[in-house]
Amino acid sequence: MRFISQTSSDGVTEQLFVLGETPGVLWTPEGAAGARPLILMGHGGGQHKKAPGIVARARRFVTEGGFAVVAVDAPGHGDRPRTEEFARVVAELRAGMVAGGDVAPRLAAMHTFLAGQAVPEWQAVLTAVRELDVVGAGPVGYWGVSMGCGLGLPFVAAEPRVRAAVLGLHGVDGLAEAAARVTVPVRFLLQWDDDQVPRARGLALFDALGSADKTLHANPGKHGEIPEFETGSSLRFFTRHLG
């Protein structure tokens, strides 16, 4: 892991890093020392590791919960190169959206394609970050909705170090098998008037989760219009399960 820069403001230290070909950012309490719970945060489609919503949520988790938070650019996003195969998959998705048909299968195919690369990258980042003195081998949580769920749910299913997850804004297409393997506590966010994910498919994904401890939080509004109070609810969820 190679750190590129470090800045501090309002009690939060932000460090940009590169691990192999994966660019990421780590937020920790300013001047902190010793182990603490770690939250891995996945961004949405077309976004990146420092999208405004990711940064705001990460800083709140750090200042109010004392957590460390890490985010990385998903394949083909942010500072990552766009491969020909990635461009082809995106073009197929956009063509389906223009045609006005059911894009869920194409979206699932894109997320499956990206998850094949993203899951082992997340696992490597998790290993490297937990070796830092300011993070340590404490409990781990995952937060990710929309594409952050499409890539993150397979990661949570494959990674035994994750002890709790906030997921949502995604349908069951392509994720049923991975969802059945998720057994950690889950907070699932669903927008009742989602204009990208049909309500029935979001509910089906919640139902497919294998967790005995899972809670559905449904709010009115379109895709991405998650109420701000859900950030505080997620913070309390992680505090309860990670300490």
# chains A, B, ... in the order shown; residues from 1 in each chain; ligands from 1
$ residues_around --residues "Ala74 of chain A" --least-positions-apart "4" --cutoff "10 Å" --atoms "only C-alpha atoms" --output "JSON, numbers by chain"
{"A": [22, 23, 24, 42, 43, 44, 45, 46, 47, 48, 49, 78, 79, 80, 114, 115, 117, 118, 119, 121, 122, 147, 148, 151]}
$ residues_around --residues "segment 165-176 of chain A" --least-positions-apart "2" --cutoff "6 Å" --atoms "only C-alpha atoms" --output "ChimeraX atom specification"
/A:108,141-146,149,178-179,186-190,197,201-202,204-205,208
$ write_last_selection --atoms "N, CA and C atoms" --output "JSON list (two decimals), in the first residue's frame"
[["chain", "number", "residue", "atom", "x", "y", "z"],
["A", 108, "ALA", "N", -27.61, -6.40, -14.11],
["A", 108, "ALA", "CA", -27.08, -7.51, -13.33],
["A", 108, "ALA", "C", -25.82, -8.06, -13.99],
["A", 141, "GLY", "N", -17.38, -3.65, 8.92],
["A", 141, "GLY", "CA", -18.72, -3.53, 8.35],
["A", 141, "GLY", "C", -18.63, -3.08, 6.91],
["A", 142, "TYR", "N", -19.73, -3.23, 6.18],
["A", 142, "TYR", "CA", -19.78, -2.79, 4.79],
["A", 142, "TYR", "C", -21.03, -1.96, 4.57],
["A", 143, "TRP", "N", -20.87, -0.82, 3.85],
["A", 143, "TRP", "CA", -22.00, 0.02, 3.46],
["A", 143, "TRP", "C", -21.96, 0.21, 1.95],
["A", 144, "GLY", "N", -23.07, -0.09, 1.26],
["A", 144, "GLY", "CA", -23.11, 0.13, -0.18],
["A", 144, "GLY", "C", -24.51, -0.06, -0.72],
["A", 145, "VAL", "N", -25.00, 0.91, -1.51],
["A", 145, "VAL", "CA", -26.32, 0.81, -2.12],
["A", 145, "VAL", "C", -26.18, 1.00, -3.63],
["A", 146, "SER", "N", -27.22, 0.62, -4.37],
["A", 146, "SER", "CA", -27.20, 0.67, -5.83],
["A", 146, "SER", "C", -26.04, -0.20, -6.34],
["A", 149, "CYS", "N", -24.22, -1.98, -3.75],
["A", 149, "CYS", "CA", -24.84, -3.24, -3.30],
["A", 149, "CYS", "C", -24.57, -4.34, -4.31],
["A", 178, "ALA", "N", -25.81, -15.21, -4.11],
["A", 178, "ALA", "CA", -24.92, -14.56, -3.15],
["A", 178, "ALA", "C", -25.70, -14.12, -1.92],
["A", 179, "ALA", "N", -26.91, -13.61, -2.11],
["A", 179, "ALA", "CA", -27.72, -13.15, -0.99],
["A", 179, "ALA", "C", -28.01, -14.28, -0.01],
["A", 186, "VAL", "N", -28.05, -7.39, 8.56],
["A", 186, "VAL", "CA", -28.17, -6.50, 7.40],
["A", 186, "VAL", "C", -29.26, -5.47, 7.64],
["A", 187, "ARG", "N", -28.94, -4.22, 7.34],
["A", 187, "ARG", "CA", -29.92, -3.14, 7.22],
["A", 187, "ARG", "C", -30.12, -2.91, 5.72],
["A", 188, "PHE", "N", -31.35, -3.10, 5.21],
["A", 188, "PHE", "CA", -31.61, -3.01, 3.77],
["A", 188, "PHE", "C", -32.46, -1.78, 3.49],
["A", 189, "LEU", "N", -31.94, -0.89, 2.62],
["A", 189, "LEU", "CA", -32.62, 0.36, 2.28],
["A", 189, "LEU", "C", -33.35, 0.21, 0.95],
["A", 190, "LEU", "N", -34.61, 0.63, 0.93],
["A", 190, "LEU", "CA", -35.43, 0.53, -0.27],
["A", 190, "LEU", "C", -36.22, 1.82, -0.45],
["A", 197, "VAL", "N", -35.11, 0.66, -9.88],
["A", 197, "VAL", "CA", -35.23, -0.72, -9.38],
["A", 197, "VAL", "C", -36.69, -0.98, -9.02],
["A", 201, "ARG", "N", -38.65, -6.28, -7.09],
["A", 201, "ARG", "CA", -37.33, -6.90, -7.18],
["A", 201, "ARG", "C", -36.46, -6.52, -5.98],
["A", 202, "GLY", "N", -36.62, -5.30, -5.48],
["A", 202, "GLY", "CA", -35.92, -4.93, -4.27],
["A", 202, "GLY", "C", -36.38, -5.75, -3.08],
["A", 204, "ALA", "N", -37.69, -8.66, -3.24],
["A", 204, "ALA", "CA", -37.25, -10.05, -3.46],
["A", 204, "ALA", "C", -35.80, -10.23, -3.03],
["A", 205, "LEU", "N", -34.96, -9.21, -3.24],
["A", 205, "LEU", "CA", -33.58, -9.31, -2.79],
["A", 205, "LEU", "C", -33.50, -9.34, -1.28],
["A", 208, "ALA", "N", -34.39, -12.71, -0.16],
["A", 208, "ALA", "CA", -33.38, -13.72, -0.50],
["A", 208, "ALA", "C", -32.21, -13.73, 0.48]]
$ select_by_dssp --residues "segment 37-169 of chain A" --states "alpha helix (DSSP H)" --output "MDAnalysis selection string"
chainID A and resid 52:65 84:99 104:129 147:158
$ select_by_dssp --residues "segment 68-175 of chain A" --states "strand (DSSP E)" --output "list in words"
Ala68, Val69, Val70, Ala71, Val72, Val140, Gly141, Tyr142, Trp143, Gly144, Val162, Arg163, Ala164, Ala165, Val166, Leu167 and Gly168 of chain A
$ write_last_selection --atoms "N, CA and C atoms" --output "mmCIF file, in the first residue's frame"
data_model
loop_
_atom_site.group_PDB
_atom_site.id
_atom_site.type_symbol
_atom_site.label_atom_id
_atom_site.label_comp_id
_atom_site.auth_asym_id
_atom_site.auth_seq_id
_atom_site.Cartn_x
_atom_site.Cartn_y
_atom_site.Cartn_z
ATOM 1 N N ALA A 68 -12.939 3.946 11.420
ATOM 2 C CA ALA A 68 -12.140 4.182 10.217
ATOM 3 C C ALA A 68 -13.028 3.805 9.038
ATOM 4 N N VAL A 69 -12.893 4.554 7.940
ATOM 5 C CA VAL A 69 -13.701 4.289 6.747
ATOM 6 C C VAL A 69 -12.781 4.252 5.537
ATOM 7 N N VAL A 70 -12.985 3.279 4.655
ATOM 8 C CA VAL A 70 -12.180 3.184 3.444
ATOM 9 C C VAL A 70 -13.102 3.003 2.241
ATOM 10 N N ALA A 71 -12.751 3.665 1.141
ATOM 11 C CA ALA A 71 -13.479 3.517 -0.123
ATOM 12 C C ALA A 71 -12.464 3.409 -1.242
ATOM 13 N N VAL A 72 -12.819 2.686 -2.292
ATOM 14 C CA VAL A 72 -11.942 2.561 -3.460
ATOM 15 C C VAL A 72 -12.760 2.825 -4.717
ATOM 16 N N VAL A 140 -15.344 -5.409 11.248
ATOM 17 C CA VAL A 140 -15.496 -4.793 9.933
ATOM 18 C C VAL A 140 -16.964 -4.775 9.522
ATOM 19 N N GLY A 141 -17.382 -3.646 8.924
ATOM 20 C CA GLY A 141 -18.717 -3.531 8.355
ATOM 21 C C GLY A 141 -18.626 -3.077 6.913
ATOM 22 N N TYR A 142 -19.726 -3.234 6.182
ATOM 23 C CA TYR A 142 -19.776 -2.788 4.787
ATOM 24 C C TYR A 142 -21.029 -1.960 4.573
ATOM 25 N N TRP A 143 -20.868 -0.816 3.853
ATOM 26 C CA TRP A 143 -22.003 0.025 3.465
ATOM 27 C C TRP A 143 -21.956 0.212 1.955
ATOM 28 N N GLY A 144 -23.065 -0.085 1.259
ATOM 29 C CA GLY A 144 -23.110 0.134 -0.180
ATOM 30 C C GLY A 144 -24.509 -0.063 -0.724
ATOM 31 N N VAL A 162 -16.303 -9.567 7.492
ATOM 32 C CA VAL A 162 -17.386 -8.588 7.576
ATOM 33 C C VAL A 162 -18.448 -9.090 8.541
ATOM 34 N N ARG A 163 -18.789 -8.265 9.522
ATOM 35 C CA ARG A 163 -19.716 -8.687 10.581
ATOM 36 C C ARG A 163 -21.087 -8.040 10.508
ATOM 37 N N ALA A 164 -21.265 -7.008 9.666
ATOM 38 C CA ALA A 164 -22.563 -6.350 9.515
ATOM 39 C C ALA A 164 -22.529 -5.544 8.224
ATOM 40 N N ALA A 165 -23.696 -5.351 7.604
ATOM 41 C CA ALA A 165 -23.733 -4.653 6.314
ATOM 42 C C ALA A 165 -25.010 -3.837 6.165
ATOM 43 N N VAL A 166 -24.858 -2.680 5.532
ATOM 44 C CA VAL A 166 -25.985 -1.868 5.075
ATOM 45 C C VAL A 166 -25.985 -1.948 3.556
ATOM 46 N N LEU A 167 -27.087 -2.451 2.983
ATOM 47 C CA LEU A 167 -27.202 -2.673 1.544
ATOM 48 C C LEU A 167 -28.533 -2.105 1.057
ATOM 49 N N GLY A 168 -28.754 -2.123 -0.269
ATOM 50 C CA GLY A 168 -30.052 -1.703 -0.778
ATOM 51 C C GLY A 168 -30.007 -1.048 -2.135
#
$ residues_around --residues "Trp192 of chain A" --least-positions-apart "2" --cutoff "7 Å" --atoms "only C-alpha atoms" --output "mmCIF file with N, CA, C and O atoms, in the first residue's frame"
data_model
loop_
_atom_site.group_PDB
_atom_site.id
_atom_site.type_symbol
_atom_site.label_atom_id
_atom_site.label_comp_id
_atom_site.auth_asym_id
_atom_site.auth_seq_id
_atom_site.Cartn_x
_atom_site.Cartn_y
_atom_site.Cartn_z
ATOM 1 N N LEU A 190 -34.608 0.632 0.928
ATOM 2 C CA LEU A 190 -35.426 0.531 -0.275
ATOM 3 C C LEU A 190 -36.218 1.820 -0.453
ATOM 4 O O LEU A 190 -36.831 2.315 0.497
ATOM 5 N N ASP A 194 -38.836 3.964 -6.296
ATOM 6 C CA ASP A 194 -37.598 3.839 -7.070
ATOM 7 C C ASP A 194 -37.910 3.760 -8.564
ATOM 8 O O ASP A 194 -38.678 2.912 -9.004
ATOM 9 N N ARG A 199 -39.921 -2.097 -7.311
ATOM 10 C CA ARG A 199 -40.108 -2.383 -5.885
ATOM 11 C C ARG A 199 -40.119 -3.885 -5.599
ATOM 12 O O ARG A 199 -39.497 -4.356 -4.637
ATOM 13 N N ALA A 218 -37.854 1.074 4.352
ATOM 14 C CA ALA A 218 -38.454 1.573 3.114
ATOM 15 C C ALA A 218 -38.906 3.014 3.318
ATOM 16 O O ALA A 218 -39.582 3.333 4.300
ATOM 17 N N ASN A 219 -38.506 3.879 2.380
ATOM 18 C CA ASN A 219 -38.858 5.293 2.448
ATOM 19 C C ASN A 219 -39.457 5.744 1.121
ATOM 20 O O ASN A 219 -39.085 5.241 0.056
ATOM 21 N N PRO A 220 -40.370 6.714 1.142
ATOM 22 C CA PRO A 220 -40.886 7.250 -0.118
ATOM 23 C C PRO A 220 -39.789 8.002 -0.862
ATOM 24 O O PRO A 220 -38.847 8.513 -0.255
ATOM 25 N N GLY A 221 -39.890 8.025 -2.196
ATOM 26 C CA GLY A 221 -38.897 8.739 -2.989
ATOM 27 C C GLY A 221 -38.294 7.865 -4.049
ATOM 28 O O GLY A 221 -38.430 6.633 -4.046
#
$ atom_distance --atom1 "atom CA of His77 of chain A" --atom2 "atom CA of Leu203 of chain A"
28.0 Å
$ closest_residue --among "A:Glu30, A:Glu84, A:Glu177, A:Asp213" --to "Thr63 of chain A" --atoms "only C-alpha atoms"
A:Glu30
$ atom_distance --atom1 "atom CA of Gln6 of chain A" --atom2 "atom CA of Gly53 of chain A"
20.2 Å
$ closest_residue --among "A:Val129, A:Val134, A:Leu93, A:Ala99" --to "Val25 of chain A" --atoms "only C-alpha atoms"
A:Val129
